[in-house]
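> Please read through the structure below; I'll follow up with questions.
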Amino acid sequence: MMNTPSNQPWDEDVAALAQGMSSELCARIVARHGAMVTAACRRILGDQGLAEDAMQETFVLLVRKAARLPKGTSLGGWLYHAACRTALNHQRTAMRRKIRESSPDAAAATLPSPPAQDWAALEPQLDAAMLALPPRQRDLVVQCYFENQPQRAAARVLGISESVASRELAAAIEALRRFFAGRGAAPAAAALVALLTTQAANAATPVATATVTGAMMKAAGTLAPQAAMTLLPVLSMKVTVIVLAGLLLAGAAVYDLASSDSSLRSWTGEEKTAGRPEISAGTAGADSRRHPPASSADAKARLLAEGKDIWARPVKFDRLIWENVVTGTPLTAGSETILQMFRASGIMISKTALEKLLAALPPGNSSHGERIDFFNAAMQAWIDEAPREATAWAYHVSVAMGDKSLSEINTIMYMTMAAARRNLAAWEAFLEAAPDPRIAAYGRVWMQVADDPGIIWSRSKEAGISQDAIHTYARHLIAKGRPDDALRVLLGSPDQTFKDRGVMGLVSKLPAEALLQLAGREFAGEQGLSNFLRAAAGAPGADYAQGAAFALKSTEPQGYENQHMEWSKKAAGRLYEQWLKHDPAAAISQVMSSGNADYLELFMQQVMHGSQLDEAWMLRTLAGAEGKQRDKALAALYRAESAGDPLKTLQRITASEAIEDQINAAKPVLAVWTRRFPKEAAAWLDGLAPAPDLELVATIASEWVDTDPVEAVAFARQRGLGLAHGFSTALAFGIRNQPESSISTVLQPYRSEAQYNRLVALTAGYRLPNDPQAAFEFIGRHGSAGWQSVVVDETIRYFKNEDSRAEDFAGALPRLDLAGIEPARLVSLAGLYAHSLDGHGALKEALAWTLKLPPQAAPAARSQIITGSDLSDSQKRSMVSNWVQGHLVNAEERAQLQQMLQAKAQTATGGH
């Protein structure tokens, strides 16, 4: 739908904000900009509920910054940039999936009608393209296309002529078009304008103006930092909801859903439903005509009462307790300990089912993937035992975490169908008693989908099941379902990116004929993917090198989720199998040059399992390779030969005359061994002569600390390892979620080491990433003298690594006693902080921050900010000049800074 233009210029809102807040002003701003802000957040976060939270935080941020917005600010442009930054910060912190809602309205008749697939190709890249534009061009695109304002009004807000605005808009469209063309999409300029105008600011749901206005007014009545911080727990909870879809249950709740005896008896058949035999999962269908309701009115009334009782049971919400269940408790802790932690979180799995799952685990400590698989299986076991209680648990957890769309309950729904059919009358009554009518609609759809997964897309529209929930279902089918069912659901998605990624998860399961059909039909327009599918099928003429490079893209940090990376690895294994048949020398050369250890492992497994190649061939092929690369390849070959047995692999490595650096070759093998059997790995190391190398000691200690920090520290100290060789970082991360008293015990032996304060600071940063004040207090309790200096260094490191914690920690630093900090380090930090804030129009905030620095550092910090900032824009120079004139009492410094600004002006104007 095209956005309706306003007849009034919106720069009046910037002026009004400077005068103070009112509910009418807040409501007007939200009504004008809310849809655009929500749409930007939704594109980045891929979830409407999360987008609404980020949208609200953006408007609260506006309250905090309102008084300092310079004249001429484009409010729409400022809000768009702030929304993108807010959403990207949350995405980076939570490592969120990028799954976008895609239900755009039709274009207006006055514009070219762009095909829906054009928008699907552009939408995932839109915000990256927008953020690459110069600020003024970005502001113009936001005002004229996202918010459909006349060019004249936009030009007046930005203080430029209409002709300049027209030229800048044309330049912006051309820059966007080139951006998209470089990434495989090349819309014409007119079509791109149509897409931006009709699609870019569409919100999935109407903006809750009253709710956001209330949050803004509340923020206006309190200190801004406090207002912003009150939203963080809510956002953290929403991020946890998304994890629920990935782990099935990685939410956070202490929830008493213990089944009553009568409820469980009726479910399991100990107390039969009156007048109705049980229906087995093998014969049950989805159609209500095949499963009539209970014939007895009394029986149905009893089942309805049971259902209402289950829905009504209370919830206690505690995110940290459940996170500890998932990540903190080792699966070797014993069935009683794990059972009690499950039940404390409301998951009432039986002891028999839990012990059966634990008995199926491989010996030793479990890997991260095995832990996730275990908790998935535990949730499924509970669902099979008590589907109604499990569904109610998921509903209450979702509500407690702010999931207004109830999308996460669908994650449980499709897992309950087999169990629900055992007593369909009880299930139907339970759905009828649900506190939200959407739940019954969801349940009916999933019962039909259990028989025919391919109908999910058509049925979901009438029930209101979100695309996010269906994509989660598709992932479930890709991992555990029949490949043909998974493919039907996958190909029905309107999200081309999701289809491209999802098919990688099926490559290892589909026959060659199916891969070739997909390459030639559904993915014929995706050149890289089509070639990869043909190569994996062993098709003549396929480019194996390009196919391998396509799979390796999954190792890039931006734009790929962890699950897609795993899918791509499995798919690459099939490609390597085919490539080794055609050109093994070219295959090993490509794998070696990639430098990717995971793909090297995959390749060597195929060498051992699917070819006649051996170590002698490998040595001949790698004769000209650099020594370190050759060592890695041989170590991977030995692991494949030993079928992953770490002891045999290490024996091969230490006995090999071909490996030059046995220490480095042994480290990754020793790390894998330690994760499962740390004591056995330590015993092997102690058996080496002479004394074990400290790098190998650090390798074992760094892995061991995740499962048993006390044992790991004792092992490290007994063998002379301090905080060197990266152990301090591993130790800090490993103890971050421990009780503070336990952390204090672990830290104590290191107090005399030079790196002790950094260890404490690292621990605080991992433990309290969103609360710098609490992190500083933690460091103050456990650090030794001079810890403030380490905090400054860590904050500088955050900026250099583009860490999302950087701005928050820097902003809070002046609360500390910085008098003993070397001025040069504070000046360096000031430059980094200013550069970051300037990226979203908040340079004045950095200048104001310098007023809180010690007097020996503050003047140089201000000089650094002005010297290092891009002040080619006259309005920005004027803003800085006004700040300098109004805030500095020292006339000499004021004059020096004004001279610097004049020099900047002369440079910007070419000396004129």
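Within each chain, counting starts at residue 1; across the structure tokens, chains are named A, B, ... in the order shown, with ligands numbered 1 upward in that order.
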Contacts of Val607 in chain A at 10 Å or less, counting only C-alpha atoms, minus same-chain residues fewer than 6 places along, as an NGL selection string?
:A and (576-577 or 580 or 584 or 588 or 601 or 613-614 or 618 or 637 or 640-641)
> At a cut-off of 9 Å, can you tabulate as a tab-separated table every residue of range 342-398 of chain A near range 423-435 of chain A together with its closest atom pair and the distance in Å to one decimal, using only C-alpha atoms and ordering rows by chain then number?

residue	atom	partner	partner_atom	distance
A:Pro387	CA	A:Trp427	CA	8.4
A:Arg388	CA	A:Phe430	CA	7.0
A:Ala392	CA	A:Ala434	CA	8.6
> Could you turn the residues from that selection into a file that holds N, CA and C atoms, as a CSV table (one decimal), in the first residue's frame?

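The resulting file, part-v5.csv, is shown below:
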chain,number,residue,atom,x,y,z
A,387,PRO,N,0.7,-34.0,26.1
A,387,PRO,CA,0.6,-32.9,25.1
A,387,PRO,C,-0.1,-31.7,25.6
A,388,ARG,N,-1.2,-31.9,26.4
A,388,ARG,CA,-1.9,-30.7,26.8
A,388,ARG,C,-1.1,-29.8,27.7
A,392,ALA,N,0.2,-26.0,27.0
A,392,ALA,CA,-0.1,-24.9,28.0
A,392,ALA,C,1.2,-24.2,28.5
> Pick out each residue of range 488-701 of chain A that DSSP on the backbone tags as alpha helix (DSSP H); I need them as a PyMOL selection string.
chain A and resi 488-491+496-504+512-520+527-536+544-552+562-582+584-594+597-610+615-621+627-641+646-655+662-676+678-686+694-701
> Got a sec: who's within 10 Å of range 623-628 of chain A, counting only C-alpha atoms, leaving out chain neighbours fewer than 3 positions off, as a PyMOL selection string?
chain A and resi 589+592-593+617-620+631-633+658-661+664-665
> What does the file look like for those residues with N, CA and C atoms, as a PDB file, in the first residue's frame?

ATOM      1  N   SER A 589      43.590 -28.926  -3.630  1.00  0.00           N
ATOM      2  CA  SER A 589      44.171 -27.585  -3.752  1.00  0.00           C
ATOM      3  C   SER A 589      43.171 -26.522  -3.296  1.00  0.00           C
ATOM      4  N   MET A 592      42.628 -26.677   0.580  1.00  0.00           N
ATOM      5  CA  MET A 592      43.781 -26.152   1.308  1.00  0.00           C
ATOM      6  C   MET A 592      43.823 -24.628   1.240  1.00  0.00           C
ATOM      7  N   SER A 593      43.539 -24.073   0.056  1.00  0.00           N
ATOM      8  CA  SER A 593      43.616 -22.619  -0.087  1.00  0.00           C
ATOM      9  C   SER A 593      42.504 -21.909   0.670  1.00  0.00           C
ATOM     10  N   TRP A 617      49.844 -40.551  -1.656  1.00  0.00           N
ATOM     11  CA  TRP A 617      49.324 -39.644  -2.686  1.00  0.00           C
ATOM     12  C   TRP A 617      49.220 -38.224  -2.130  1.00  0.00           C
ATOM     13  N   MET A 618      48.778 -38.121  -0.866  1.00  0.00           N
ATOM     14  CA  MET A 618      48.616 -36.810  -0.256  1.00  0.00           C
ATOM     15  C   MET A 618      49.960 -36.099  -0.157  1.00  0.00           C
ATOM     16  N   LEU A 619      50.995 -36.815   0.242  1.00  0.00           N
ATOM     17  CA  LEU A 619      52.319 -36.197   0.369  1.00  0.00           C
ATOM     18  C   LEU A 619      52.850 -35.744  -0.990  1.00  0.00           C
ATOM     19  N   ARG A 620      52.607 -36.525  -2.019  1.00  0.00           N
ATOM     20  CA  ARG A 620      53.051 -36.118  -3.360  1.00  0.00           C
ATOM     21  C   ARG A 620      52.289 -34.870  -3.813  1.00  0.00           C
ATOM     22  N   ASP A 631      50.794 -29.673   7.347  1.00  0.00           N
ATOM     23  CA  ASP A 631      50.560 -30.286   8.664  1.00  0.00           C
ATOM     24  C   ASP A 631      49.064 -30.420   8.956  1.00  0.00           C
ATOM     25  N   LYS A 632      48.311 -29.367   8.650  1.00  0.00           N
ATOM     26  CA  LYS A 632      46.870 -29.407   8.897  1.00  0.00           C
ATOM     27  C   LYS A 632      46.195 -30.495   8.072  1.00  0.00           C
ATOM     28  N   ALA A 633      46.612 -30.603   6.810  1.00  0.00           N
ATOM     29  CA  ALA A 633      46.004 -31.604   5.942  1.00  0.00           C
ATOM     30  C   ALA A 633      46.309 -33.020   6.421  1.00  0.00           C
ATOM     31  N   ALA A 658      56.469 -36.653   8.696  1.00  0.00           N
ATOM     32  CA  ALA A 658      56.075 -35.687   7.671  1.00  0.00           C
ATOM     33  C   ALA A 658      55.531 -34.396   8.269  1.00  0.00           C
ATOM     34  N   ILE A 659      55.038 -34.455   9.495  1.00  0.00           N
ATOM     35  CA  ILE A 659      54.484 -33.263  10.138  1.00  0.00           C
ATOM     36  C   ILE A 659      55.605 -32.488  10.809  1.00  0.00           C
ATOM     37  N   GLU A 660      55.749 -31.228  10.449  1.00  0.00           N
ATOM     38  CA  GLU A 660      56.841 -30.401  10.975  1.00  0.00           C
ATOM     39  C   GLU A 660      56.540 -29.882  12.377  1.00  0.00           C
ATOM     40  N   ASP A 661      55.348 -29.358  12.610  1.00  0.00           N
ATOM     41  CA  ASP A 661      54.984 -28.773  13.910  1.00  0.00           C
ATOM     42  C   ASP A 661      53.931 -29.652  14.562  1.00  0.00           C
ATOM     43  N   ASN A 664      51.169 -27.810  17.045  1.00  0.00           N
ATOM     44  CA  ASN A 664      50.006 -27.181  16.415  1.00  0.00           C
ATOM     45  C   ASN A 664      49.091 -28.197  15.768  1.00  0.00           C
ATOM     46  N   ALA A 665      49.648 -29.253  15.213  1.00  0.00           N
ATOM     47  CA  ALA A 665      48.819 -30.286  14.600  1.00  0.00           C
ATOM     48  C   ALA A 665      47.996 -31.032  15.648  1.00  0.00           C
TER      49      ALA A 665
END
> For Asp384 in chain A, list every protein, DNA or RNA residue within 7 Å, evaluated using only C-alpha atoms, and leave out those in the same chain fewer than 3 positions away; present the list as a PyMOL selection string.
chain A and resi 380-381+387+416+419
> List the neighbours of range 823-835 of chain A out to 8 Å using only C-alpha atoms; skip same-chain residues closer than 2 positions along the sequence, and give me the result as a PyMOL selection string.
chain A and resi 792-793+795-796+799+807+810+821+837-839+843+846-847+850+856-858+860-862+864-865+868-869
> Output N, CA and C atoms for every residue in that selection, as a tab-separated table (two decimals), in the first residue's frame.

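The new file again-v6.tsv reads:
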chain	number	residue	atom	x	y	z
A	792	VAL	N	39.19	0.73	30.70
A	792	VAL	CA	39.37	1.63	29.56
A	792	VAL	C	39.94	0.86	28.37
A	793	ASP	N	40.97	0.04	28.61
A	793	ASP	CA	41.57	-0.74	27.52
A	793	ASP	C	40.57	-1.70	26.90
A	795	THR	N	37.33	-1.35	26.79
A	795	THR	CA	36.35	-0.58	26.02
A	795	THR	C	36.93	-0.16	24.68
A	796	ILE	N	38.19	0.22	24.65
A	796	ILE	CA	38.86	0.52	23.38
A	796	ILE	C	38.84	-0.72	22.48
A	799	PHE	N	35.49	-1.20	20.76
A	799	PHE	CA	35.30	-0.36	19.58
A	799	PHE	C	36.07	-0.92	18.38
A	807	GLU	N	29.59	1.27	22.88
A	807	GLU	CA	29.02	2.58	23.20
A	807	GLU	C	28.47	2.63	24.63
A	810	ALA	N	31.41	2.75	27.07
A	810	ALA	CA	32.10	4.04	27.00
A	810	ALA	C	31.27	5.13	27.64
A	821	ILE	N	44.21	7.46	34.98
A	821	ILE	CA	44.36	6.90	33.64
A	821	ILE	C	45.24	7.80	32.79
A	837	LEU	N	29.48	7.39	17.52
A	837	LEU	CA	28.27	8.20	17.70
A	837	LEU	C	27.98	9.04	16.47
A	838	ASP	N	29.02	9.51	15.82
A	838	ASP	CA	28.81	10.34	14.63
A	838	ASP	C	28.12	9.55	13.52
A	839	GLY	N	28.30	8.24	13.55
A	839	GLY	CA	27.67	7.40	12.54
A	839	GLY	C	26.16	7.43	12.59
A	843	LEU	N	27.14	13.34	17.35
A	843	LEU	CA	28.48	13.84	17.67
A	843	LEU	C	28.46	14.74	18.89
A	846	ALA	N	29.10	12.94	22.10
A	846	ALA	CA	30.51	12.64	22.38
A	846	ALA	C	31.21	13.86	22.96
A	847	LEU	N	30.91	15.05	22.41
A	847	LEU	CA	31.52	16.26	22.95
A	847	LEU	C	31.09	16.50	24.39
A	850	THR	N	32.99	14.44	26.93
A	850	THR	CA	34.33	14.87	27.32
A	850	THR	C	34.32	15.79	28.53
A	856	GLN	N	42.90	16.81	32.86
A	856	GLN	CA	44.16	16.63	32.12
A	856	GLN	C	43.95	15.93	30.78
A	857	ALA	N	42.78	15.32	30.58
A	857	ALA	CA	42.52	14.60	29.33
A	857	ALA	C	41.45	15.26	28.47
A	858	ALA	N	40.54	16.02	29.10
A	858	ALA	CA	39.36	16.51	28.38
A	858	ALA	C	39.69	17.41	27.20
A	860	ALA	N	42.34	17.63	25.22
A	860	ALA	CA	42.91	16.85	24.11
A	860	ALA	C	41.86	15.94	23.49
A	861	ALA	N	40.94	15.44	24.31
A	861	ALA	CA	39.87	14.58	23.79
A	861	ALA	C	38.97	15.37	22.84
A	862	ARG	N	38.65	16.61	23.20
A	862	ARG	CA	37.82	17.43	22.31
A	862	ARG	C	38.55	17.74	21.01
A	864	GLN	N	40.77	15.89	19.63
A	864	GLN	CA	40.78	14.64	18.87
A	864	GLN	C	39.46	14.43	18.14
A	865	ILE	N	38.35	14.74	18.82
A	865	ILE	CA	37.04	14.56	18.21
A	865	ILE	C	36.88	15.46	16.99
A	868	GLY	N	39.34	14.33	14.15
A	868	GLY	CA	39.03	13.05	13.53
A	868	GLY	C	37.66	12.94	12.90
A	869	SER	N	36.80	13.95	13.06
A	869	SER	CA	35.43	13.87	12.55
A	869	SER	C	35.33	14.46	11.16
> Select, from A:Asn801, A:Ser656, A:Thr472, A:Thr699, the residue with the minimum atom-to-atom distance to Arg675 in chain A, counting only C-alpha atoms.
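Going through A:Asn801, A:Ser656, A:Thr472, A:Thr699 one by one, the smallest distance to Arg675 in chain A is for A:Thr699.
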> Please list as a list in words every residue within 10 Å of range 645-648 of chain A, counting only C-alpha atoms and excluding residues in the same chain fewer than 4 positions away.
Tyr638, Arg639, Ala640, Glu641, Arg652, Ile653, Ala666, Pro668, Val669, Leu670, Ala671, Val672, Trp673, Thr674, Glu680, Ala681 and Trp684 of chain A
> Any idea what's packed within 9 Å of Glu24 in chain A, counting only C-alpha atoms, ignoring anything in its chain fewer than 4 positions away? Could you give it as a PyMOL selection string?
chain A and resi 28-29+213
> Under the rule that only C-alpha atoms are counted, which of A:Ser508, A:Glu822, A:Arg815, A:Asp53 is the nearest residue to Val212 in chain A?
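Comparing A:Ser508, A:Glu822, A:Arg815, A:Asp53 against Val212 in chain A, the winner is A:Asp53.
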> Could you tell me which of A:Asp485, A:Asp873, A:Glu162, A:Glu753 comes closest to Asp451 in chain A if we count only C-alpha atoms?
A:Asp485
> For CA of Glu12 in chain A and CA of Ala153 in chain A, determine how far apart the two atoms are, in Å to one decimal place.
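Interatomic distance, CA of Glu12 in chain A to CA of Ala153 in chain A: 11.1 Å.
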> To one decimal in Å, tell me the separation between CA of Ser744 in chain A and CA of Arg767 in chain A.
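Distance between the two atoms: 13.5 Å.
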